[in-house]
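The structure file final16.cif is reproduced below (mmCIF, C-alpha atoms).
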data_final
#
loop_
_atom_site.label_atom_id
_atom_site.label_comp_id
_atom_site.auth_asym_id
_atom_site.auth_seq_id
_atom_site.Cartn_x
_atom_site.Cartn_y
_atom_site.Cartn_z
CA MET E 6 87.03 65.72 -4.59
CA THR E 7 89.10 67.81 -2.21
CA VAL E 8 88.51 71.50 -1.53
CA ILE E 9 91.09 73.57 0.33
CA LEU E 10 90.19 77.08 1.47
CA ARG E 11 92.66 79.44 3.12
CA THR E 12 92.66 83.08 4.12
CA ASP E 13 96.46 82.94 3.68
CA GLY E 14 98.26 81.02 0.96
CA GLY E 15 95.53 80.61 -1.64
CA CYS E 16 92.60 78.27 -2.17
CA GLU E 17 92.42 75.03 -4.12
CA PHE E 18 89.13 74.27 -5.83
CA ASP E 19 87.93 74.07 -9.43
CA PRO E 20 85.98 77.28 -10.16
CA GLU E 21 84.80 76.02 -13.56
CA HIS E 22 83.31 72.90 -11.98
CA LEU E 23 81.78 75.01 -9.23
CA LEU E 24 80.24 77.35 -11.81
CA GLY E 25 78.65 74.34 -13.50
CA VAL E 26 77.21 73.16 -10.17
CA PHE E 27 76.00 76.69 -9.46
CA GLY E 28 74.31 76.87 -12.86
CA GLU E 29 72.46 73.61 -12.27
CA GLN E 30 71.25 74.81 -8.88
CA ARG E 31 69.92 78.03 -10.41
CA ARG E 32 68.19 76.27 -13.32
CA ARG E 33 66.42 73.97 -10.86
CA PHE E 34 65.32 76.85 -8.64
CA VAL E 35 64.08 78.93 -11.59
CA THR E 36 62.01 75.97 -12.80
CA ILE E 37 60.36 75.75 -9.37
CA LEU E 38 59.76 79.50 -9.23
CA ARG E 39 58.06 79.49 -12.63
CA GLY E 40 55.29 77.41 -11.04
CA PHE E 41 54.68 79.88 -8.19
CA GLY E 42 51.40 81.75 -7.86
CA PRO E 43 50.76 85.00 -5.91
CA GLY E 44 50.38 83.15 -2.61
CA ASP E 45 53.63 81.26 -3.13
CA TRP E 46 55.59 84.45 -3.74
CA ALA E 47 54.12 86.05 -0.61
CA ALA E 48 54.69 82.98 1.59
CA PRO E 49 57.10 83.18 4.55
CA THR E 50 60.54 81.58 4.43
CA ARG E 51 63.12 80.55 7.01
CA CYS E 52 64.34 84.18 6.87
CA ALA E 53 62.02 85.68 9.48
CA LEU E 54 61.53 89.05 7.75
CA TRP E 55 61.49 87.88 4.13
CA SER E 56 58.87 86.35 1.85
CA ALA E 57 59.84 84.08 -1.03
CA GLN E 58 59.80 87.10 -3.34
CA ASP E 59 62.08 89.01 -0.95
CA VAL E 60 64.59 86.14 -1.05
CA VAL E 61 64.62 86.11 -4.85
CA ARG E 62 64.92 89.90 -4.96
CA HIS E 63 67.95 89.57 -2.67
CA LEU E 64 69.52 86.94 -4.93
CA SER E 65 68.96 89.23 -7.91
CA ASP E 66 70.74 92.04 -6.07
CA ASN E 67 73.64 89.67 -5.43
CA ASN E 68 73.77 88.82 -9.14
CA ARG E 69 74.10 92.50 -10.01
CA ASN E 70 76.88 92.97 -7.47
CA ALA E 71 78.75 89.92 -8.79
CA VAL E 72 78.66 91.24 -12.35
CA ALA E 73 80.18 94.52 -11.13
CA VAL E 74 83.10 92.85 -9.32
CA GLU E 75 86.46 94.31 -10.31
CA PRO E 76 89.97 94.44 -8.80
CA GLY E 77 89.86 95.66 -5.22
CA ASP E 78 86.07 95.21 -4.92
CA ARG E 79 84.93 95.86 -1.33
CA MET E 80 81.21 95.16 -1.55
CA LEU E 81 81.50 92.40 1.10
CA ASP E 82 84.19 94.11 3.18
CA THR E 83 82.95 94.82 6.70
CA THR E 84 85.68 97.44 7.18
CA ALA E 85 84.19 99.36 4.23
CA GLY E 86 80.69 99.47 5.69
CA TYR E 87 79.21 96.10 4.69
CA ASP E 88 77.00 94.64 7.43
CA PRO E 89 75.36 91.29 6.65
CA ARG E 90 72.58 92.10 9.10
CA VAL E 91 71.72 95.42 7.45
CA THR E 92 73.14 95.86 3.95
CA PRO E 93 71.03 93.22 2.15
CA ARG E 94 67.82 94.73 3.56
CA THR E 95 68.95 98.20 2.51
CA LEU E 96 69.52 97.02 -1.06
CA LEU E 97 66.02 95.51 -1.16
CA ALA E 98 64.55 99.01 -0.88
CA GLU E 99 65.56 99.63 -4.49
CA SER E 100 63.09 97.02 -5.78
CA ALA E 101 60.25 97.70 -3.32
CA GLY E 102 56.88 97.25 -5.02
CA GLU E 103 58.26 95.07 -7.80
CA SER E 104 55.78 92.50 -9.13
CA PRO E 105 56.62 88.79 -8.81
CA GLU E 106 56.75 88.54 -12.60
CA ALA E 107 59.30 91.35 -12.76
CA THR E 108 61.31 89.79 -9.94
CA LEU E 109 61.51 86.44 -11.72
CA ALA E 110 62.46 88.06 -15.03
CA ARG E 111 65.19 90.09 -13.32
CA PHE E 112 66.44 87.00 -11.48
CA VAL E 113 66.75 85.01 -14.71
CA ALA E 114 68.39 87.85 -16.65
CA THR E 115 70.92 88.77 -13.96
CA THR E 116 71.77 85.11 -13.35
CA GLU E 117 72.62 84.68 -17.03
CA GLU E 118 74.65 87.88 -17.01
CA ARG E 119 76.52 86.81 -13.88
CA PHE E 120 77.47 83.41 -15.23
CA ALA E 121 78.46 84.80 -18.61
CA ARG E 122 80.78 87.33 -16.96
CA ASP E 123 82.41 84.68 -14.77
CA ARG E 124 82.85 82.28 -17.69
CA VAL E 125 84.71 84.96 -19.65
CA ARG E 126 86.96 85.73 -16.68
CA LEU E 127 87.78 82.06 -16.19
CA ALA E 128 88.38 81.46 -19.89
CA HIS E 129 90.89 84.31 -19.97
CA GLY E 130 92.62 83.28 -16.74
CA VAL E 131 91.84 86.62 -15.11
CA ARG E 132 93.35 87.02 -11.64
CA PHE E 133 92.71 89.79 -9.15
CA ASP E 134 91.90 90.14 -5.46
CA VAL E 135 88.69 91.31 -3.81
CA ARG E 136 88.09 92.18 -0.19
CA MET E 137 85.99 89.73 1.80
CA PRO E 138 84.92 90.00 5.45
CA TYR E 139 87.95 87.84 6.31
CA GLY E 140 90.49 89.65 4.12
CA PRO E 141 91.76 89.82 0.52
CA MET E 142 91.04 86.76 -1.65
CA ASN E 143 91.21 85.83 -5.30
CA TRP E 144 87.98 86.90 -7.03
CA THR E 145 86.92 83.27 -7.61
CA ILE E 146 85.98 83.04 -3.93
CA ARG E 147 83.04 85.27 -4.84
CA ILE E 148 81.68 82.41 -6.96
CA LEU E 149 81.83 80.11 -3.94
CA HIS E 150 80.36 82.74 -1.61
CA GLY E 151 77.54 83.43 -4.06
CA PHE E 152 76.81 79.73 -4.50
CA TRP E 153 76.67 79.13 -0.74
CA ASP E 154 74.25 82.06 -0.36
CA SER E 155 72.09 80.83 -3.25
CA TRP E 156 72.03 77.20 -2.03
CA LEU E 157 71.06 78.32 1.46
CA HIS E 158 68.31 80.66 0.28
CA GLU E 159 66.85 78.02 -2.01
CA ARG E 160 66.47 75.89 1.11
CA ASP E 161 64.98 78.86 2.96
CA VAL E 162 62.18 78.99 0.40
CA LEU E 163 61.62 75.28 -0.21
CA LEU E 164 61.91 73.85 3.30
CA ALA E 165 59.57 76.49 4.72
CA ARG E 166 56.97 75.23 2.22
CA GLY E 167 57.47 71.61 3.21
CA MET E 168 59.19 70.88 -0.11
CA LYS E 169 62.22 68.63 -0.39
CA HIS E 170 65.52 70.25 -1.27
CA PRO E 171 67.31 68.02 -3.81
CA ALA E 172 70.31 66.31 -2.22
CA ASP E 173 73.21 66.76 -4.61
CA ASP E 174 76.67 65.59 -3.54
CA ASP E 175 78.74 68.27 -5.26
CA ALA E 176 76.42 71.15 -4.39
CA THR E 177 76.06 70.18 -0.74
CA GLY E 178 79.80 69.49 -0.47
CA TYR E 179 80.70 72.97 -1.71
CA ALA E 180 78.09 74.60 0.53
CA ALA E 181 79.23 72.67 3.62
CA ALA E 182 82.90 73.47 2.98
CA TYR E 183 82.28 77.18 2.60
CA GLY E 184 79.81 77.26 5.48
CA LEU E 185 82.45 75.84 7.81
CA PHE E 186 85.14 78.12 6.39
CA ILE E 187 83.18 81.32 6.86
CA ALA E 188 81.95 80.24 10.31
CA ALA E 189 85.58 79.75 11.38
CA ALA E 190 86.49 83.12 9.84
CA VAL E 191 83.78 84.86 11.85
CA ALA E 192 84.96 83.03 14.98
CA SER E 193 88.47 84.34 14.33
CA ILE E 194 87.18 87.90 14.01
CA PHE E 195 85.71 87.56 17.50
CA GLY E 196 88.90 86.01 18.88
CA ALA E 197 87.54 82.46 19.19
CA GLN E 198 89.70 79.54 18.11
CA VAL E 199 88.51 76.28 16.65
CA ARG E 200 90.59 73.33 15.51
CA GLU E 201 88.47 70.31 14.68
CA LYS E 202 88.14 67.40 12.28
CA LEU E 203 84.47 66.91 11.49
CA THR E 204 83.07 63.79 9.88
CA LEU E 205 79.80 64.59 8.14
CA GLY E 206 77.39 62.20 6.48
CA GLY E 207 74.75 62.28 3.77
CA ALA E 208 74.98 64.12 0.47
CA GLY E 209 78.16 66.20 0.34
CA GLY E 210 79.59 64.43 3.36
CA GLY E 211 83.19 63.63 4.13
CA VAL E 212 86.01 64.75 6.38
CA PHE E 213 86.33 68.48 7.06
CA GLU E 214 89.50 69.65 8.80
CA LEU E 215 89.19 73.14 10.23
CA ASP E 216 91.83 75.34 11.86
CA ASN E 217 91.67 79.08 12.52
CA SER E 218 94.65 79.31 14.89
CA ASP E 219 96.82 81.05 12.24
CA GLY E 220 94.55 82.39 9.55
CA VAL E 221 91.72 80.10 8.53
CA THR E 222 92.26 76.80 6.73
CA LEU E 223 89.58 74.31 5.71
CA ILE E 224 90.43 71.01 4.02
CA ALA E 225 87.34 69.14 2.83
CA THR E 226 87.79 65.60 1.53
CA ARG E 227 84.72 63.98 0.06
CA VAL E 228 84.23 60.39 1.24
CA THR E 229 81.20 58.33 2.13
CA THR E 230 80.95 58.20 5.90
CA ALA E 231 78.55 58.46 8.81
CA GLY E 232 77.96 61.57 10.87
CA PRO E 233 75.69 64.60 11.15
CA LEU E 234 74.19 65.40 7.75
CA ALA E 235 76.30 67.93 5.85
CA ALA E 236 73.23 69.88 4.72
CA GLU E 237 71.89 70.19 8.27
CA VAL E 238 75.29 71.26 9.60
CA THR E 239 75.47 73.96 6.91
CA ASP E 240 72.00 75.14 7.92
CA ALA E 241 72.97 75.29 11.59
CA LEU E 242 76.19 77.23 10.95
CA ALA E 243 74.08 79.84 9.13
CA GLY E 244 71.64 80.17 12.02
CA ARG E 245 68.81 78.03 10.67
CA ALA E 246 69.11 75.50 13.52
CA PRO E 247 70.94 75.31 16.86
CA VAL E 248 74.59 74.35 16.35
CA ALA E 249 74.56 72.54 19.73
CA VAL E 250 71.85 70.18 18.48
CA VAL E 251 73.42 69.36 15.12
CA LEU E 252 77.05 69.24 16.31
CA GLY E 253 76.43 68.02 19.83
CA ASP E 254 79.53 65.81 19.84
CA LEU E 255 81.90 68.77 19.44
CA PRO E 256 83.45 70.36 22.54
CA ALA E 257 81.37 73.24 23.87
CA GLY E 258 84.10 75.75 23.02
CA SER E 259 84.16 74.73 19.36
CA ARG E 260 80.36 74.79 19.15
CA ALA E 261 80.32 78.30 20.58
CA ALA E 262 83.07 79.43 18.22
CA LEU E 263 81.21 78.14 15.17
CA SER E 264 77.92 79.76 16.24
CA GLY E 265 79.03 83.34 15.63
CA LEU E 266 77.84 83.51 12.04
#
What would the structure in this file look like if it were written as structure tokens?
Amino acid sequence: MTVILRTDGGCEFDPEHLLGVFGEQRRRFVTILRGFGPGDWAAPTRCALWSAQDVVRHLSDNNRNAVAVEPGDRMLDTTAGYDPRVTPRTLLAESAGESPEATLARFVATTEERFARDRVRLAHGVRFDVRMPYGPMNWTIRILHGFWDSWLHERDVLLARGMKHPADDDATGYAAAYGLFIAAAVASIFGAQVREKLTLGGAGGGVFELDNSDGVTLIATRVTTAGPLAAEVTDALAGRAPVAVVLGDLPAGSRAALSGL
């Protein structure tokens, strides 16, 4: 499987396949959450300020926003006021005091609504652009962005509890590709350039060619190879571990550029 992501010139990935992978990830997570008791919902996660319930409330908010996506959507546009450090916490205020049972029910219902809306769009070949932090993109990039966020937050909950996060090739491959893409996009915003070919191992591993010298382009080719684990690299790019430790073989300039996210 090859995934090509570009800020200019269009992306090449299968959104229907991705939606299937996303659905499987959500079904697995919901099954785990159904077994949570009060202490589990209140337990800390890898997100320093959020409990497990806070993480699921956040994912439910994201579901609602995804359902509302329409041409020209600017929900994730930093030039329109979106701030990834502030906006998600502001949205959480709307569900303050919600019981864990209500949170889980809302998560399940909004997930189903989100996927149903996307399936209809894909079936009808709907095309329109939305505004992302790195510029205008076809709306299907919101599926990939939402999956990456969901995959990462599932790990935030499970790994903090000492639970194993299932290693799935397709899921980890999509998450790693988008994690590298958005990290390079953030680097570009801050004027940092990165042009590297990364060889990542483990589930979702392969060769990831990254270049943000003229727009951002990521070409991810899935092959079995050795290297830093793709899941751990994706964690590090999102601030869950030091990039210098996980990608220590990269030049210092590239490591610094990819640490901005």
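Considering the residues E:Ile148, E:Met142, E:Met137, E:Val238 and counting only C-alpha atoms, Asn67 of chain E has its shortest atom-to-atom contact with E:Ile148.
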Calculate how many Å separate atom CA of Leu97 of chain E from atom CA of Cys52 of chain E, rounding to one decimal.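 Between atom CA of Leu97 of chain E and atom CA of Cys52 of chain E the gap is 14.0 Å.
Distances to Gly210 of chain E were evaluated for E:Leu23, E:Ala180, E:Leu223, E:Leu255 using only C-alpha atoms, and the minimum falls at E:Ala180.
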Kindly give the distance, in Å, that separates atom CA of Arg260 of chain E and atom CA of Pro247 of chain E, rounded to a single decimal. 9.7 Å
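For the pair atom CA of Gln58 of chain E and atom CA of Val135 of chain E, the separation is 29.2 Å.
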Emit as lines of an AutoDock Vina configuration file the padded axis-aligned box for all listed atoms of segment 121-133 of chain E, 6 Å per side, with centre and edge lengths in Å to one decimal.
center_x = 85.9
center_y = 85.6
center_z = -14.6
size_x = 26.9
size_y = 20.3
size_z = 22.8
Please write the residues picked by the PyMOL selection byres ((chain E and resi 50) around 6) on this file as an NGL selection string. :E and (49 or 51-52 or 56 or 161-162 or 165)
As a check of understanding, name the residues that the PyMOL selection byres ((chain E and resi 212) around 12) selects in the supplied structure, as a PyMOL selection string. chain E and resi 6-9+178+181-182+185+201-207+209-211+213-215+223-235
Written selection (C-alpha atoms) as a short mmCIF file (atom, residue, chain, number, x, y, z; two decimals), keeping the file's coordinate frame:
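Result went into again24.cif, see below:
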data_model
loop_
_atom_site.label_atom_id
_atom_site.label_comp_id
_atom_site.auth_asym_id
_atom_site.auth_seq_id
_atom_site.Cartn_x
_atom_site.Cartn_y
_atom_site.Cartn_z
CA MET E 6 87.03 65.72 -4.59
CA THR E 7 89.10 67.81 -2.21
CA VAL E 8 88.51 71.50 -1.53
CA ILE E 9 91.09 73.57 0.33
CA GLY E 178 79.80 69.49 -0.47
CA ALA E 181 79.23 72.67 3.62
CA ALA E 182 82.90 73.47 2.98
CA LEU E 185 82.45 75.84 7.81
CA GLU E 201 88.47 70.31 14.68
CA LYS E 202 88.14 67.40 12.28
CA LEU E 203 84.47 66.91 11.49
CA THR E 204 83.07 63.79 9.88
CA LEU E 205 79.80 64.59 8.14
CA GLY E 206 77.39 62.20 6.48
CA GLY E 207 74.75 62.28 3.77
CA GLY E 209 78.16 66.20 0.34
CA GLY E 210 79.59 64.43 3.36
CA GLY E 211 83.19 63.63 4.13
CA PHE E 213 86.33 68.48 7.06
CA GLU E 214 89.50 69.65 8.80
CA LEU E 215 89.19 73.14 10.23
CA LEU E 223 89.58 74.31 5.71
CA ILE E 224 90.43 71.01 4.02
CA ALA E 225 87.34 69.14 2.83
CA THR E 226 87.79 65.60 1.53
CA ARG E 227 84.72 63.98 0.06
CA VAL E 228 84.23 60.39 1.24
CA THR E 229 81.20 58.33 2.13
CA THR E 230 80.95 58.20 5.90
CA ALA E 231 78.55 58.46 8.81
CA GLY E 232 77.96 61.57 10.87
CA PRO E 233 75.69 64.60 11.15
CA LEU E 234 74.19 65.40 7.75
CA ALA E 235 76.30 67.93 5.85
#
Compare E:Asp45, E:Asp134, E:Glu29, E:Glu106 by their minimum atom-to-atom distance to Gly77 of chain E, counting only C-alpha atoms, and give me the closest one. E:Asp134
Result set of the PyMOL selection byres ((chain E and resi 33) around 12) on the coordinates above, as a PDB file with C-alpha atoms, in the frame of the given file:
ATOM      1  CA  VAL E  26      77.210  73.160 -10.170  1.00  0.00           C
ATOM      2  CA  PHE E  27      76.000  76.690  -9.460  1.00  0.00           C
ATOM      3  CA  GLY E  28      74.310  76.870 -12.860  1.00  0.00           C
ATOM      4  CA  GLU E  29      72.460  73.610 -12.270  1.00  0.00           C
ATOM      5  CA  GLN E  30      71.250  74.810  -8.880  1.00  0.00           C
ATOM      6  CA  ARG E  31      69.920  78.030 -10.410  1.00  0.00           C
ATOM      7  CA  ARG E  32      68.190  76.270 -13.320  1.00  0.00           C
ATOM      8  CA  PHE E  34      65.320  76.850  -8.640  1.00  0.00           C
ATOM      9  CA  VAL E  35      64.080  78.930 -11.590  1.00  0.00           C
ATOM     10  CA  THR E  36      62.010  75.970 -12.800  1.00  0.00           C
ATOM     11  CA  ILE E  37      60.360  75.750  -9.370  1.00  0.00           C
ATOM     12  CA  LEU E  38      59.760  79.500  -9.230  1.00  0.00           C
ATOM     13  CA  ARG E  39      58.060  79.490 -12.630  1.00  0.00           C
ATOM     14  CA  GLY E  40      55.290  77.410 -11.040  1.00  0.00           C
ATOM     15  CA  VAL E 113      66.750  85.010 -14.710  1.00  0.00           C
ATOM     16  CA  SER E 155      72.090  80.830  -3.250  1.00  0.00           C
ATOM     17  CA  TRP E 156      72.030  77.200  -2.030  1.00  0.00           C
ATOM     18  CA  GLU E 159      66.850  78.020  -2.010  1.00  0.00           C
ATOM     19  CA  LEU E 163      61.620  75.280  -0.210  1.00  0.00           C
ATOM     20  CA  HIS E 170      65.520  70.250  -1.270  1.00  0.00           C
ATOM     21  CA  PRO E 171      67.310  68.020  -3.810  1.00  0.00           C
ATOM     22  CA  ASP E 173      73.210  66.760  -4.610  1.00  0.00           C
TER      23      ASP E 173
END
For Pro89 of chain E, which residue out of E:Arg147, E:Gly244, E:Tyr179, E:Pro138 is the nearest one, using only C-alpha atoms? E:Pro138
Long-range neighbours of Pro20 of chain E as a PyMOL selection string, 10 Å cut-off, only C-alpha atoms, 5 positions minimum in chain: chain E and resi 25-26+123-124+127+145-146+148-149
Output file for the residues above (C-alpha atoms, as a compact mmCIF listing (two decimals), in the frame of the given file):
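The result, written out as result22.txt:
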# COMPACT_ATOMS: atom_id res chain seq x y z
CA GLY E 25 78.65 74.34 -13.50
CA VAL E 26 77.21 73.16 -10.17
CA ASP E 123 82.41 84.68 -14.77
CA ARG E 124 82.85 82.28 -17.69
CA LEU E 127 87.78 82.06 -16.19
CA THR E 145 86.92 83.27 -7.61
CA ILE E 146 85.98 83.04 -3.93
CA ILE E 148 81.68 82.41 -6.96
CA LEU E 149 81.83 80.11 -3.94
With distances taken over all atoms listed in the file, which of E:Leu96, E:Ala128, E:Leu64, E:Leu252 is nearest to Ala114 of chain E? E:Leu64
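Closest approach to Pro141 of chain E among E:Gly86, E:Gly14, E:Gly42, E:Gly265 is made by E:Gly14 (distances from all atoms listed in the file).
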Anything within 6 Å of (92.5, 81.9, -6.3): list those residues as a ChimeraX atom specification, counting only C-alpha atoms and sticking to the file's coordinates. /E:15-16,143,145
With only C-alpha atoms as the counted atoms, please give the residues lying no more than 10 Å from Ala249 of chain E, apart from itself and same-chain residues fewer than 2 positions off, as a list of chain:residue names.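 That gives E:Ala241, E:Ala246, E:Pro247, E:Val251, E:Leu252, E:Gly253, E:Asp254, E:Leu255, E:Pro256, E:Ala257, E:Ser259, E:Arg260, E:Ala261, E:Leu263, E:Ser264.
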Can you pull segment 109-119 of chain E out of that block with all heavy atoms and hand it back as a short mmCIF file (atom, residue, chain, number, x, y, z; two decimals), in the first residue's frame?
data_model
loop_
_atom_site.label_atom_id
_atom_site.label_comp_id
_atom_site.auth_asym_id
_atom_site.auth_seq_id
_atom_site.Cartn_x
_atom_site.Cartn_y
_atom_site.Cartn_z
N LEU E 109 -20.17 7.83 27.03
CA LEU E 109 -20.03 6.66 26.18
C LEU E 109 -21.18 6.59 25.16
O LEU E 109 -20.95 6.31 23.98
CB LEU E 109 -19.99 5.39 27.02
CG LEU E 109 -19.82 4.08 26.23
CD1 LEU E 109 -18.57 4.10 25.36
CD2 LEU E 109 -19.77 2.90 27.20
N ALA E 110 -22.40 6.87 25.62
CA ALA E 110 -23.54 6.83 24.70
C ALA E 110 -23.39 7.88 23.60
O ALA E 110 -23.69 7.61 22.43
CB ALA E 110 -24.84 7.07 25.48
N ARG E 111 -22.92 9.06 23.97
CA ARG E 111 -22.72 10.12 22.97
C ARG E 111 -21.60 9.75 22.01
O ARG E 111 -21.69 10.02 20.80
CB ARG E 111 -22.41 11.45 23.69
CG ARG E 111 -22.24 12.64 22.76
CD ARG E 111 -22.35 13.95 23.54
NE ARG E 111 -21.31 14.12 24.52
CZ ARG E 111 -20.18 14.81 24.30
NH1 ARG E 111 -19.96 15.36 23.11
NH2 ARG E 111 -19.29 14.94 25.25
N PHE E 112 -20.55 9.13 22.53
CA PHE E 112 -19.43 8.71 21.69
C PHE E 112 -19.89 7.69 20.64
O PHE E 112 -19.56 7.80 19.46
CB PHE E 112 -18.34 8.12 22.57
CG PHE E 112 -17.08 7.72 21.86
CD1 PHE E 112 -16.45 8.58 20.98
CD2 PHE E 112 -16.51 6.46 22.08
CE1 PHE E 112 -15.27 8.22 20.33
CE2 PHE E 112 -15.34 6.09 21.44
CZ PHE E 112 -14.72 6.98 20.56
N VAL E 113 -20.66 6.71 21.07
CA VAL E 113 -21.15 5.68 20.15
C VAL E 113 -22.07 6.29 19.10
O VAL E 113 -21.95 6.03 17.90
CB VAL E 113 -21.87 4.56 20.93
CG1 VAL E 113 -22.57 3.60 19.97
CG2 VAL E 113 -20.88 3.80 21.81
N ALA E 114 -23.01 7.12 19.55
CA ALA E 114 -24.00 7.70 18.63
C ALA E 114 -23.35 8.62 17.61
O ALA E 114 -23.66 8.57 16.41
CB ALA E 114 -25.07 8.44 19.42
N THR E 115 -22.44 9.48 18.07
CA THR E 115 -21.82 10.43 17.14
C THR E 115 -20.83 9.74 16.20
O THR E 115 -20.63 10.18 15.07
CB THR E 115 -21.10 11.57 17.90
OG1 THR E 115 -20.15 11.01 18.83
CG2 THR E 115 -22.11 12.43 18.65
N THR E 116 -20.21 8.65 16.68
CA THR E 116 -19.33 7.87 15.79
C THR E 116 -20.15 7.28 14.65
O THR E 116 -19.75 7.36 13.48
CB THR E 116 -18.62 6.75 16.57
OG1 THR E 116 -17.69 7.32 17.50
CG2 THR E 116 -17.87 5.82 15.64
N GLU E 117 -21.29 6.68 14.96
CA GLU E 117 -22.14 6.11 13.93
C GLU E 117 -22.62 7.17 12.95
O GLU E 117 -22.64 6.95 11.73
CB GLU E 117 -23.33 5.40 14.58
CG GLU E 117 -22.94 4.16 15.38
CD GLU E 117 -24.11 3.54 16.12
OE1 GLU E 117 -25.20 4.16 16.13
OE2 GLU E 117 -23.94 2.43 16.67
N GLU E 118 -22.98 8.34 13.49
CA GLU E 118 -23.45 9.42 12.63
C GLU E 118 -22.33 9.91 11.72
O GLU E 118 -22.54 10.17 10.52
CB GLU E 118 -23.97 10.58 13.49
CG GLU E 118 -24.63 11.69 12.71
CD GLU E 118 -25.18 12.79 13.59
OE1 GLU E 118 -24.97 12.73 14.82
OE2 GLU E 118 -25.82 13.71 13.05
N ARG E 119 -21.13 10.02 12.27
CA ARG E 119 -19.98 10.49 11.49
C ARG E 119 -19.69 9.54 10.33
O ARG E 119 -19.54 9.97 9.18
CB ARG E 119 -18.77 10.58 12.42
CG ARG E 119 -17.46 10.87 11.71
CD ARG E 119 -16.28 10.84 12.66
NE ARG E 119 -15.11 11.43 12.02
CZ ARG E 119 -14.15 12.03 12.68
NH1 ARG E 119 -14.20 12.13 14.00
NH2 ARG E 119 -13.12 12.56 12.04
#
